[in-house]
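A.B. asks: Take this structure, written in structure tokens, and hold onto it; I'll ask about it next.
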Amino acid sequence: MTDLATRVVAARRTAWRRAAPALCGYAAVRALGLVLLAVWSAARGKSAYTLLTARWDSLWYARVAGGGYGYEVRLPNGDVHADLAFFPLLPWLERLGAAVGPLSYADAGFAVSLLASLAAAWGIFAVTDHVYGRRAGTCAVLLWAVLPVGIVQSMAYSESLFTALAAWSLYCVLTGRWVGAGALALLAGLTRPVGLAVAAAVWTAAVASLVRERRAATPTALPAAGPCRRLLGMLLAPLGAAGYVLWVGHRTGGGPFGYLDVQAGWRNGFDGGYAFARFVGDKFTSFPSALAGLGLVIGVALVIRLYVTGVRQGQPPALLVYSGVVTALALCASSYFGSKPRLLLPAFPLLLPLALALARLRASRAAWVTGGIALASAVYGAFWLNGSGPP
């Protein structure tokens with residue numbers, strides 16, 4: 001083994017040891033959520049595994065994995081739900097998993113989500129550790145795990161896969177690995193429409209670093225990376241999302257905006273938050289729905305407050321751009337309003353101000369706080385998935 005290979009192996013072992021407490025804590029929280037979901041579902045005569053792998057969007061992903069694109073459902077009101085709305089990376093991985101092992105497409109999707117959730121937790125730790133240190137990194141991972149909608153991280157959905165790709169792309173950005181950042185952004189763009197947020201973060205950081213270099217006329221504090229690597233990373237970053245959107249437009253005959261037509265069939269669109277504001281406003285016309293409306297207002301205010309706090313605390317521009325775009329698309333879309341918390345799940349930089357606050361507590365107090373929230377999150381997740389509507 002060469003000296004370089006030895007150093008690489010040693011660095012990987014060190015990175016694993018550094019992240020191990022965060023990953024073990026994450027696994028414990030997710031295990032609690034799955035166990036409680038299994039108990040709750042069994043008490044209601046339902047299958048927890050079916051809820052995780054064979055309902056709502058999971059069925060659409062598995063259908064694409066099994067038969068490719070082309071399936072659609074025409075509703076009585078004229079809406080058309082087409083599978084072209086779902087980006088292809090997760091179905092590709094489900095097909096691969098089913099091809100190399102004794103797994104169904106649903107099984108493969110579940111396995112991908114479990115592995116991707118761990119990769120996402122590690123990526124969140126790596127980003128936060130790089131910016132704020134190990135203790136804050138561990139707290140950020142635990143906070144992501146105990147989110148009220150954290151059970152989605154274990155579903156055969158694309159949120160965990162997307163968050164893993166986004167987090168590691170952002171880590172590559174922060175450490176000057178431009179080609180890796182662009183390649184991971186490309187894959188994120190093949191996972192969800194909001195992959196453009198990752199590409200925007202890569203472009204923002206690359207342009208900012210170029211401006212700093214020219215102003216200082218000296219290399220930046222980031223590891224040396226030639227202009228060709230930075231340019232290649234910038235070129236790669238948007239190709240996944242742009243490529244799929246253009247392919248859909250070509251397939252449907254709708255041109256560059258064909259994908260928007262597909263989303264319109266699902267009643268998804270971007271209206272600047274008008275539909276969501278009307279939805280919230282309608283809650284205040286009666287009681288007790290007004291309490292739900294008040295909860296929504298508080299939730300949106302908290303999200304905005306966390307973003308502003310991140311700006312004031314000096315989060316790197318790449319993180320601010322990424323979380324800002326994800327948040328804007330989630331809150332300003334006219335899609336199914338019950339899914340908005342899930343759409344915010346990848347915006348993990350919003351949690352960094354809370355992670356810093358939690359890291360300042362004594363270890364025992366932080367453990368009690370996190371444990372209590374984890375239990376509440378597990379209960380809510382079990383209740384949520386056993387409800388009638390999709391997450």
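Scheme for the structure tokens: letters A, B, ... for chains in order shown; per-chain residue numbers from 1; ligand numbers from 1 in order shown.
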Residues of segment 69-298 of chain A classed as helix (DSSP H, G or I) by DSSP on the backbone are to be reported as a PyMOL selection string.
C.D. replies: chain A and resi 83-85+89-100+105-132+134-145+150-154+159-174+178-189+195-216+227-236+239-252+255-265+274-283+289-298
A.B. asks: Sorted by chain and rising residue number, which residues of segment 232-301 of chain A lie within 10 Å of segment 316-340 of chain A, and what are their closest atom pairs and distances in Å to one decimal, counting only C-alpha atoms, as a tab-separated table?
C.D. replies:
residue	atom	partner	partner_atom	distance
A:Gln263	CA	A:Ser335	CA	9.1
A:Ala264	CA	A:Ser335	CA	9.3
A:Trp266	CA	A:Ser335	CA	7.9
A:Arg267	CA	A:Ser335	CA	6.1
A:Asn268	CA	A:Ser335	CA	4.4
A:Gly269	CA	A:Ser334	CA	5.2
A:Phe270	CA	A:Ala333	CA	4.4
A:Asp271	CA	A:Ala333	CA	6.0
A:Gly272	CA	A:Cys332	CA	4.5
A:Gly273	CA	A:Cys332	CA	3.7
A:Tyr274	CA	A:Cys332	CA	7.3
A:Ala275	CA	A:Ser334	CA	5.5
A:Phe276	CA	A:Ser334	CA	6.4
A:Ala277	CA	A:Cys332	CA	9.0
A:Phe279	CA	A:Phe337	CA	8.0
A:Val280	CA	A:Phe337	CA	9.5
A:Val300	CA	A:Leu331	CA	8.2
A.B. asks: Could the residues in this selection be saved with N, CA, C and O atoms as a compact mmCIF listing (two decimals), in the first residue's frame?
C.D. replies:
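Just written: result-v2.txt:
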# COMPACT_ATOMS: atom_id res chain seq x y z
N GLN A 263 -46.84 18.63 -13.80
CA GLN A 263 -47.10 19.00 -12.41
C GLN A 263 -48.47 19.65 -12.26
O GLN A 263 -49.14 19.46 -11.24
N ALA A 264 -48.89 20.39 -13.26
CA ALA A 264 -50.21 21.03 -13.20
C ALA A 264 -51.31 19.97 -13.12
O ALA A 264 -52.36 20.20 -12.51
N TRP A 266 -51.18 17.41 -11.42
CA TRP A 266 -51.25 17.05 -10.00
C TRP A 266 -51.69 18.25 -9.14
O TRP A 266 -51.67 18.18 -7.92
N ARG A 267 -52.01 19.35 -9.81
CA ARG A 267 -52.34 20.61 -9.14
C ARG A 267 -51.16 21.14 -8.35
O ARG A 267 -51.33 21.76 -7.29
N ASN A 268 -49.97 20.90 -8.88
CA ASN A 268 -48.75 21.45 -8.30
C ASN A 268 -48.29 22.63 -9.15
O ASN A 268 -48.36 22.59 -10.37
N GLY A 269 -47.81 23.65 -8.50
CA GLY A 269 -47.30 24.81 -9.21
C GLY A 269 -46.64 25.76 -8.24
O GLY A 269 -46.57 25.50 -7.03
N PHE A 270 -46.17 26.88 -8.74
CA PHE A 270 -45.50 27.88 -7.91
C PHE A 270 -46.28 29.18 -8.05
O PHE A 270 -46.31 29.79 -9.12
N ASP A 271 -46.96 29.58 -6.98
CA ASP A 271 -47.78 30.79 -7.03
C ASP A 271 -47.34 31.83 -6.01
O ASP A 271 -48.10 32.73 -5.66
N GLY A 272 -46.12 31.69 -5.51
CA GLY A 272 -45.61 32.65 -4.55
C GLY A 272 -46.19 32.51 -3.16
O GLY A 272 -46.00 33.39 -2.31
N GLY A 273 -46.90 31.43 -2.91
CA GLY A 273 -47.49 31.20 -1.60
C GLY A 273 -48.93 31.64 -1.47
O GLY A 273 -49.52 31.54 -0.38
N TYR A 274 -49.55 32.08 -2.57
CA TYR A 274 -50.92 32.59 -2.51
C TYR A 274 -51.90 31.51 -2.05
O TYR A 274 -52.72 31.73 -1.15
N ALA A 275 -51.82 30.33 -2.68
CA ALA A 275 -52.75 29.26 -2.32
C ALA A 275 -52.55 28.81 -0.87
O ALA A 275 -53.52 28.53 -0.16
N PHE A 276 -51.31 28.74 -0.43
CA PHE A 276 -51.04 28.33 0.94
C PHE A 276 -51.57 29.37 1.92
O PHE A 276 -52.15 29.04 2.96
N ALA A 277 -51.40 30.66 1.57
CA ALA A 277 -51.91 31.72 2.44
C ALA A 277 -53.44 31.65 2.54
O ALA A 277 -54.01 31.83 3.62
N PHE A 279 -55.21 28.92 2.16
CA PHE A 279 -55.49 27.72 2.95
C PHE A 279 -55.39 28.01 4.44
O PHE A 279 -56.25 27.60 5.23
N VAL A 280 -54.33 28.74 4.83
CA VAL A 280 -54.16 29.08 6.24
C VAL A 280 -55.26 30.04 6.69
O VAL A 280 -55.84 29.89 7.77
N VAL A 300 -44.60 28.50 10.22
CA VAL A 300 -43.96 29.27 9.15
C VAL A 300 -43.07 30.36 9.74
O VAL A 300 -41.94 30.59 9.27
A.B. asks: Taking 3 positions as the minimum chain separation for residues in the same chain, which residues sit within 6 Å of segment 142-153 of chain A when counting only C-alpha atoms? Answer as a tab-separated table (two decimals) with C-alpha atoms, in the first residue's frame.
C.D. replies:
chain	number	residue	atom	x	y	z
A	26	TYR	CA	-29.47	8.76	14.73
A	117	SER	CA	-30.85	8.16	5.66
A	139	CYS	CA	-26.75	17.84	17.74
A	160	SER	CA	-33.50	10.65	2.41
A	374	ALA	CA	-37.55	11.76	20.01
A	377	SER	CA	-41.68	12.50	17.26
A	381	GLY	CA	-44.99	9.67	13.19
A.B. asks: Any chance you could list, as a CSV table (one decimal) with C-alpha atoms, in the first residue's frame, the residues in segment 16-214 of chain A that come up strand (DSSP E or B) when DSSP is run on the backbone?
C.D. replies:
chain,number,residue,atom,x,y,z
A,72,GLU,CA,-51.2,7.9,-15.7
A,73,VAL,CA,-54.5,8.2,-13.9
A,74,ARG,CA,-57.3,10.4,-15.1
A,80,VAL,CA,-54.2,13.8,-14.9
A,81,HIS,CA,-51.8,12.2,-12.5
A,82,ALA,CA,-48.8,11.1,-14.6
A.B. asks: Find the residues around segment 352-367 of chain A up to 6 Å (only C-alpha atoms counted), leave out those fewer than 4 positions away in its own chain, and share them as a list in words.
C.D. replies: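 Contacts, in chain order: Arg135, Ala136, Cys139, Ala140 and Gly371 of chain A.
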A.B. asks: Given the selection you just returned, output its residues as a file containing N, CA, C and O atoms, formatted as a PDB file, in the first residue's frame.
C.D. replies:
ATOM      1  N   ARG A 135     -19.473  18.749  18.326  1.00  0.00           N
ATOM      2  CA  ARG A 135     -20.641  18.697  19.198  1.00  0.00           C
ATOM      3  C   ARG A 135     -21.874  19.247  18.495  1.00  0.00           C
ATOM      4  O   ARG A 135     -22.958  18.657  18.570  1.00  0.00           O
ATOM      5  N   ALA A 136     -21.728  20.360  17.800  1.00  0.00           N
ATOM      6  CA  ALA A 136     -22.850  20.914  17.049  1.00  0.00           C
ATOM      7  C   ALA A 136     -23.263  19.965  15.931  1.00  0.00           C
ATOM      8  O   ALA A 136     -24.460  19.832  15.628  1.00  0.00           O
ATOM      9  N   CYS A 139     -25.436  17.285  17.411  1.00  0.00           N
ATOM     10  CA  CYS A 139     -26.748  17.841  17.742  1.00  0.00           C
ATOM     11  C   CYS A 139     -27.582  18.057  16.485  1.00  0.00           C
ATOM     12  O   CYS A 139     -28.801  17.820  16.487  1.00  0.00           O
ATOM     13  N   ALA A 140     -26.960  18.500  15.395  1.00  0.00           N
ATOM     14  CA  ALA A 140     -27.697  18.719  14.144  1.00  0.00           C
ATOM     15  C   ALA A 140     -28.281  17.412  13.625  1.00  0.00           C
ATOM     16  O   ALA A 140     -29.430  17.365  13.164  1.00  0.00           O
ATOM     17  N   GLY A 371     -34.083  13.175  23.961  1.00  0.00           N
ATOM     18  CA  GLY A 371     -34.853  11.964  24.182  1.00  0.00           C
ATOM     19  C   GLY A 371     -36.347  12.235  24.250  1.00  0.00           C
ATOM     20  O   GLY A 371     -37.158  11.477  23.696  1.00  0.00           O
TER      21      GLY A 371
END
A.B. asks: Quick one, how far is atom CA of Gly182 of chain A from atom CA of Leu236 of chain A?
C.D. replies: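 Computed distance, atom CA of Gly182 of chain A to atom CA of Leu236 of chain A, equals 4.9 Å.
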A.B. asks: Take atom CA of Ala183 of chain A and atom CA of Ala237 of chain A and report the distance between them in Å, one decimal.
C.D. replies: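 Atom-to-atom, atom CA of Ala183 of chain A and atom CA of Ala237 of chain A are spaced 6.3 Å apart.
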A.B. asks: Just to confirm, what's the straight-line distance from atom CA of Ser41 of chain A to atom CA of Ile373 of chain A in Å (one decimal)?
C.D. replies: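 If I compute the distance from atom CA of Ser41 of chain A to atom CA of Ile373 of chain A, I get 20.8 Å.
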A.B. asks: For Gly180 of chain A, list every protein, DNA or RNA residue within 12 Å, evaluated using only C-alpha atoms, and leave out those in the same chain fewer than 4 positions away; present the list as an mmCIF file with all heavy atoms, in the first residue's frame.
C.D. replies:
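Saved the output as around_2.cif:
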data_model
loop_
_atom_site.group_PDB
_atom_site.id
_atom_site.type_symbol
_atom_site.label_atom_id
_atom_site.label_comp_id
_atom_site.auth_asym_id
_atom_site.auth_seq_id
_atom_site.Cartn_x
_atom_site.Cartn_y
_atom_site.Cartn_z
ATOM 1 N N LEU A 165 -27.469 13.220 -0.888
ATOM 2 C CA LEU A 165 -26.728 13.787 -2.018
ATOM 3 C C LEU A 165 -26.491 15.283 -1.818
ATOM 4 O O LEU A 165 -25.392 15.791 -2.094
ATOM 5 C CB LEU A 165 -27.497 13.539 -3.316
ATOM 6 C CG LEU A 165 -27.635 12.071 -3.728
ATOM 7 C CD1 LEU A 165 -28.661 11.921 -4.841
ATOM 8 C CD2 LEU A 165 -26.284 11.504 -4.169
ATOM 9 N N ALA A 166 -27.509 15.989 -1.328
ATOM 10 C CA ALA A 166 -27.368 17.428 -1.110
ATOM 11 C C ALA A 166 -26.338 17.729 -0.028
ATOM 12 O O ALA A 166 -25.487 18.616 -0.188
ATOM 13 C CB ALA A 166 -28.720 18.029 -0.740
ATOM 14 N N ALA A 167 -26.405 17.010 1.085
ATOM 15 C CA ALA A 167 -25.486 17.275 2.200
ATOM 16 C C ALA A 167 -24.048 17.032 1.792
ATOM 17 O O ALA A 167 -23.150 17.849 2.084
ATOM 18 C CB ALA A 167 -25.864 16.406 3.395
ATOM 19 N N TRP A 168 -23.785 15.933 1.104
ATOM 20 C CA TRP A 168 -22.410 15.650 0.707
ATOM 21 C C TRP A 168 -21.935 16.572 -0.410
ATOM 22 O O TRP A 168 -20.744 16.902 -0.487
ATOM 23 C CB TRP A 168 -22.265 14.184 0.318
ATOM 24 C CG TRP A 168 -22.209 13.297 1.511
ATOM 25 C CD1 TRP A 168 -23.176 12.447 1.956
ATOM 26 C CD2 TRP A 168 -21.139 13.207 2.460
ATOM 27 N NE1 TRP A 168 -22.776 11.832 3.115
ATOM 28 C CE2 TRP A 168 -21.532 12.275 3.456
ATOM 29 C CE3 TRP A 168 -19.891 13.820 2.570
ATOM 30 C CZ2 TRP A 168 -20.706 11.940 4.531
ATOM 31 C CZ3 TRP A 168 -19.071 13.494 3.647
ATOM 32 C CH2 TRP A 168 -19.480 12.566 4.607
ATOM 33 N N SER A 169 -22.850 17.016 -1.268
ATOM 34 C CA SER A 169 -22.465 18.025 -2.250
ATOM 35 C C SER A 169 -22.061 19.326 -1.561
ATOM 36 O O SER A 169 -21.062 19.952 -1.921
ATOM 37 C CB SER A 169 -23.630 18.281 -3.224
ATOM 38 O OG SER A 169 -23.295 19.285 -4.162
ATOM 39 N N LEU A 170 -22.840 19.720 -0.554
ATOM 40 C CA LEU A 170 -22.503 20.936 0.184
ATOM 41 C C LEU A 170 -21.189 20.780 0.937
ATOM 42 O O LEU A 170 -20.394 21.734 1.033
ATOM 43 C CB LEU A 170 -23.634 21.279 1.150
ATOM 44 C CG LEU A 170 -24.941 21.735 0.495
ATOM 45 C CD1 LEU A 170 -26.063 21.821 1.526
ATOM 46 C CD2 LEU A 170 -24.757 23.076 -0.192
ATOM 47 N N TYR A 171 -20.930 19.595 1.459
ATOM 48 C CA TYR A 171 -19.645 19.369 2.125
ATOM 49 C C TYR A 171 -18.496 19.515 1.123
ATOM 50 O O TYR A 171 -17.451 20.109 1.439
ATOM 51 C CB TYR A 171 -19.618 17.984 2.762
ATOM 52 C CG TYR A 171 -18.299 17.657 3.426
ATOM 53 C CD1 TYR A 171 -17.958 18.240 4.642
ATOM 54 C CD2 TYR A 171 -17.391 16.788 2.830
ATOM 55 C CE1 TYR A 171 -16.744 17.959 5.253
ATOM 56 C CE2 TYR A 171 -16.184 16.498 3.426
ATOM 57 C CZ TYR A 171 -15.855 17.089 4.636
ATOM 58 O OH TYR A 171 -14.647 16.813 5.231
ATOM 59 N N CYS A 172 -18.682 18.964 -0.063
ATOM 60 C CA CYS A 172 -17.651 19.112 -1.097
ATOM 61 C C CYS A 172 -17.448 20.578 -1.453
ATOM 62 O O CYS A 172 -16.316 21.030 -1.696
ATOM 63 C CB CYS A 172 -18.036 18.313 -2.343
ATOM 64 S SG CYS A 172 -17.899 16.522 -2.165
ATOM 65 N N VAL A 173 -18.539 21.340 -1.493
ATOM 66 C CA VAL A 173 -18.425 22.771 -1.760
ATOM 67 C C VAL A 173 -17.587 23.449 -0.680
ATOM 68 O O VAL A 173 -16.666 24.243 -0.964
ATOM 69 C CB VAL A 173 -19.826 23.415 -1.825
ATOM 70 C CG1 VAL A 173 -19.727 24.941 -1.718
ATOM 71 C CG2 VAL A 173 -20.526 23.036 -3.124
ATOM 72 N N LEU A 174 -17.891 23.145 0.585
ATOM 73 C CA LEU A 174 -17.201 23.800 1.696
ATOM 74 C C LEU A 174 -15.726 23.434 1.758
ATOM 75 O O LEU A 174 -14.914 24.193 2.306
ATOM 76 C CB LEU A 174 -17.875 23.425 3.015
ATOM 77 C CG LEU A 174 -19.323 23.903 3.194
ATOM 78 C CD1 LEU A 174 -19.902 23.366 4.495
ATOM 79 C CD2 LEU A 174 -19.402 25.422 3.160
ATOM 80 N N THR A 175 -15.368 22.280 1.228
ATOM 81 C CA THR A 175 -13.977 21.831 1.276
ATOM 82 C C THR A 175 -13.264 21.956 -0.074
ATOM 83 O O THR A 175 -12.161 21.453 -0.238
ATOM 84 C CB THR A 175 -13.904 20.368 1.755
ATOM 85 O OG1 THR A 175 -14.741 19.548 0.935
ATOM 86 C CG2 THR A 175 -14.360 20.266 3.202
ATOM 87 N N GLY A 176 -13.909 22.617 -1.027
ATOM 88 C CA GLY A 176 -13.259 22.899 -2.300
ATOM 89 C C GLY A 176 -13.156 21.732 -3.252
ATOM 90 O O GLY A 176 -12.351 21.763 -4.182
ATOM 91 N N LEU A 184 -22.431 15.262 -7.405
ATOM 92 C CA LEU A 184 -23.483 14.963 -6.437
ATOM 93 C C LEU A 184 -24.704 15.850 -6.655
ATOM 94 O O LEU A 184 -25.847 15.399 -6.483
ATOM 95 C CB LEU A 184 -22.950 15.133 -5.017
ATOM 96 C CG LEU A 184 -21.931 14.076 -4.581
ATOM 97 C CD1 LEU A 184 -21.235 14.502 -3.297
ATOM 98 C CD2 LEU A 184 -22.614 12.726 -4.380
ATOM 99 N N ALA A 185 -24.474 17.104 -7.050
ATOM 100 C CA ALA A 185 -25.601 17.979 -7.380
ATOM 101 C C ALA A 185 -26.359 17.451 -8.591
ATOM 102 O O ALA A 185 -27.588 17.533 -8.664
ATOM 103 C CB ALA A 185 -25.103 19.400 -7.640
ATOM 104 N N LEU A 186 -25.631 16.915 -9.563
ATOM 105 C CA LEU A 186 -26.273 16.303 -10.730
ATOM 106 C C LEU A 186 -27.198 15.170 -10.298
ATOM 107 O O LEU A 186 -28.345 15.072 -10.745
ATOM 108 C CB LEU A 186 -25.211 15.801 -11.696
ATOM 109 C CG LEU A 186 -25.658 15.224 -13.043
ATOM 110 C CD1 LEU A 186 -24.527 15.339 -14.061
ATOM 111 C CD2 LEU A 186 -26.076 13.756 -12.943
ATOM 112 N N LEU A 187 -26.695 14.301 -9.418
ATOM 113 C CA LEU A 187 -27.511 13.180 -8.946
ATOM 114 C C LEU A 187 -28.700 13.673 -8.118
ATOM 115 O O LEU A 187 -29.799 13.116 -8.210
ATOM 116 C CB LEU A 187 -26.647 12.229 -8.117
ATOM 117 C CG LEU A 187 -25.565 11.475 -8.898
ATOM 118 C CD1 LEU A 187 -24.681 10.674 -7.943
ATOM 119 C CD2 LEU A 187 -26.189 10.562 -9.947
ATOM 120 N N VAL A 202 -23.911 25.305 -5.416
ATOM 121 C CA VAL A 202 -22.599 25.083 -6.037
ATOM 122 C C VAL A 202 -22.179 26.312 -6.833
ATOM 123 O O VAL A 202 -21.037 26.782 -6.718
ATOM 124 C CB VAL A 202 -22.639 23.838 -6.946
ATOM 125 C CG1 VAL A 202 -21.328 23.698 -7.722
ATOM 126 C CG2 VAL A 202 -22.892 22.576 -6.119
ATOM 127 N N ALA A 225 -7.817 24.341 -5.968
ATOM 128 C CA ALA A 225 -8.565 23.695 -7.034
ATOM 129 C C ALA A 225 -8.455 24.561 -8.263
ATOM 130 O O ALA A 225 -8.797 25.740 -8.231
ATOM 131 C CB ALA A 225 -10.020 23.518 -6.623
ATOM 132 N N ARG A 229 -11.384 22.543 -12.755
ATOM 133 C CA ARG A 229 -12.194 21.711 -11.865
ATOM 134 C C ARG A 229 -13.413 22.480 -11.363
ATOM 135 O O ARG A 229 -14.518 21.934 -11.274
ATOM 136 C CB ARG A 229 -11.358 21.228 -10.677
ATOM 137 C CG ARG A 229 -10.328 20.160 -11.039
ATOM 138 C CD ARG A 229 -9.554 19.712 -9.810
ATOM 139 N NE ARG A 229 -8.699 18.582 -10.126
ATOM 140 C CZ ARG A 229 -9.076 17.310 -10.080
ATOM 141 N NH1 ARG A 229 -10.314 17.019 -9.722
ATOM 142 N NH2 ARG A 229 -8.246 16.345 -10.382
ATOM 143 N N ARG A 230 -13.218 23.721 -11.026
ATOM 144 C CA ARG A 230 -14.346 24.520 -10.553
ATOM 145 C C ARG A 230 -15.378 24.701 -11.667
ATOM 146 O O ARG A 230 -16.588 24.569 -11.441
ATOM 147 C CB ARG A 230 -13.846 25.881 -10.067
ATOM 148 C CG ARG A 230 -14.935 26.775 -9.515
ATOM 149 C CD ARG A 230 -14.350 27.884 -8.659
ATOM 150 N NE ARG A 230 -13.151 28.445 -9.257
ATOM 151 C CZ ARG A 230 -12.218 29.107 -8.579
ATOM 152 N NH1 ARG A 230 -12.348 29.268 -7.283
ATOM 153 N NH2 ARG A 230 -11.162 29.603 -9.185
ATOM 154 N N LEU A 231 -14.915 24.961 -12.876
ATOM 155 C CA LEU A 231 -15.817 25.126 -14.002
ATOM 156 C C LEU A 231 -16.545 23.820 -14.307
ATOM 157 O O LEU A 231 -17.752 23.821 -14.577
ATOM 158 C CB LEU A 231 -15.037 25.593 -15.234
ATOM 159 C CG LEU A 231 -15.858 25.752 -16.521
ATOM 160 C CD1 LEU A 231 -16.953 26.788 -16.322
ATOM 161 C CD2 LEU A 231 -14.950 26.158 -17.685
ATOM 162 N N LEU A 232 -15.834 22.708 -14.226
ATOM 163 C CA LEU A 232 -16.462 21.418 -14.480
ATOM 164 C C LEU A 232 -17.553 21.140 -13.452
ATOM 165 O O LEU A 232 -18.643 20.652 -13.784
ATOM 166 C CB LEU A 232 -15.416 20.308 -14.456
ATOM 167 C CG LEU A 232 -15.928 18.872 -14.695
ATOM 168 C CD1 LEU A 232 -16.667 18.786 -16.022
ATOM 169 C CD2 LEU A 232 -14.775 17.881 -14.638
ATOM 170 N N GLY A 233 -17.259 21.449 -12.192
ATOM 171 C CA GLY A 233 -18.271 21.270 -11.156
ATOM 172 C C GLY A 233 -19.504 22.114 -11.419
ATOM 173 O O GLY A 233 -20.639 21.654 -11.248
ATOM 174 N N MET A 234 -19.306 23.353 -11.850
ATOM 175 C CA MET A 234 -20.429 24.242 -12.157
ATOM 176 C C MET A 234 -21.238 23.711 -13.334
ATOM 177 O O MET A 234 -22.476 23.789 -13.336
ATOM 178 C CB MET A 234 -19.924 25.647 -12.448
ATOM 179 C CG MET A 234 -19.287 26.344 -11.260
ATOM 180 S SD MET A 234 -18.576 27.952 -11.695
ATOM 181 C CE MET A 234 -20.061 28.896 -12.086
ATOM 182 N N LEU A 235 -20.560 23.160 -14.330
ATOM 183 C CA LEU A 235 -21.261 22.641 -15.504
ATOM 184 C C LEU A 235 -22.050 21.377 -15.162
ATOM 185 O O LEU A 235 -23.159 21.168 -15.673
ATOM 186 C CB LEU A 235 -20.260 22.347 -16.622
ATOM 187 C CG LEU A 235 -19.593 23.560 -17.256
ATOM 188 C CD1 LEU A 235 -18.540 23.126 -18.277
ATOM 189 C CD2 LEU A 235 -20.634 24.457 -17.935
ATOM 190 N N LEU A 236 -21.505 20.532 -14.294
ATOM 191 C CA LEU A 236 -22.180 19.290 -13.939
ATOM 192 C C LEU A 236 -23.421 19.538 -13.083
ATOM 193 O O LEU A 236 -24.431 18.829 -13.221
ATOM 194 C CB LEU A 236 -21.222 18.373 -13.176
ATOM 195 C CG LEU A 236 -20.106 17.696 -13.965
ATOM 196 C CD1 LEU A 236 -19.159 16.981 -13.009
ATOM 197 C CD2 LEU A 236 -20.689 16.708 -14.974
ATOM 198 N N ALA A 237 -23.356 20.520 -12.196
ATOM 199 C CA ALA A 237 -24.366 20.676 -11.145
ATOM 200 C C ALA A 237 -25.813 20.700 -11.649
ATOM 201 O O ALA A 237 -26.673 20.000 -11.093
ATOM 202 C CB ALA A 237 -24.066 21.925 -10.311
#
A.B. asks: Calculated over only C-alpha atoms, which of the candidates A:Leu260, A:Met155, A:Ala205, A:Val369 has the smallest distance to Pro390 of chain A?
C.D. replies: A:Met155
A.B. asks: Considering only C-alpha atoms, can you say which of A:Val29, A:Phe287, A:Pro341, A:Trp178 comes closest to Ala201 of chain A?
C.D. replies: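 Going through A:Val29, A:Phe287, A:Pro341, A:Trp178 one by one, the smallest distance to Ala201 of chain A is for A:Trp178.
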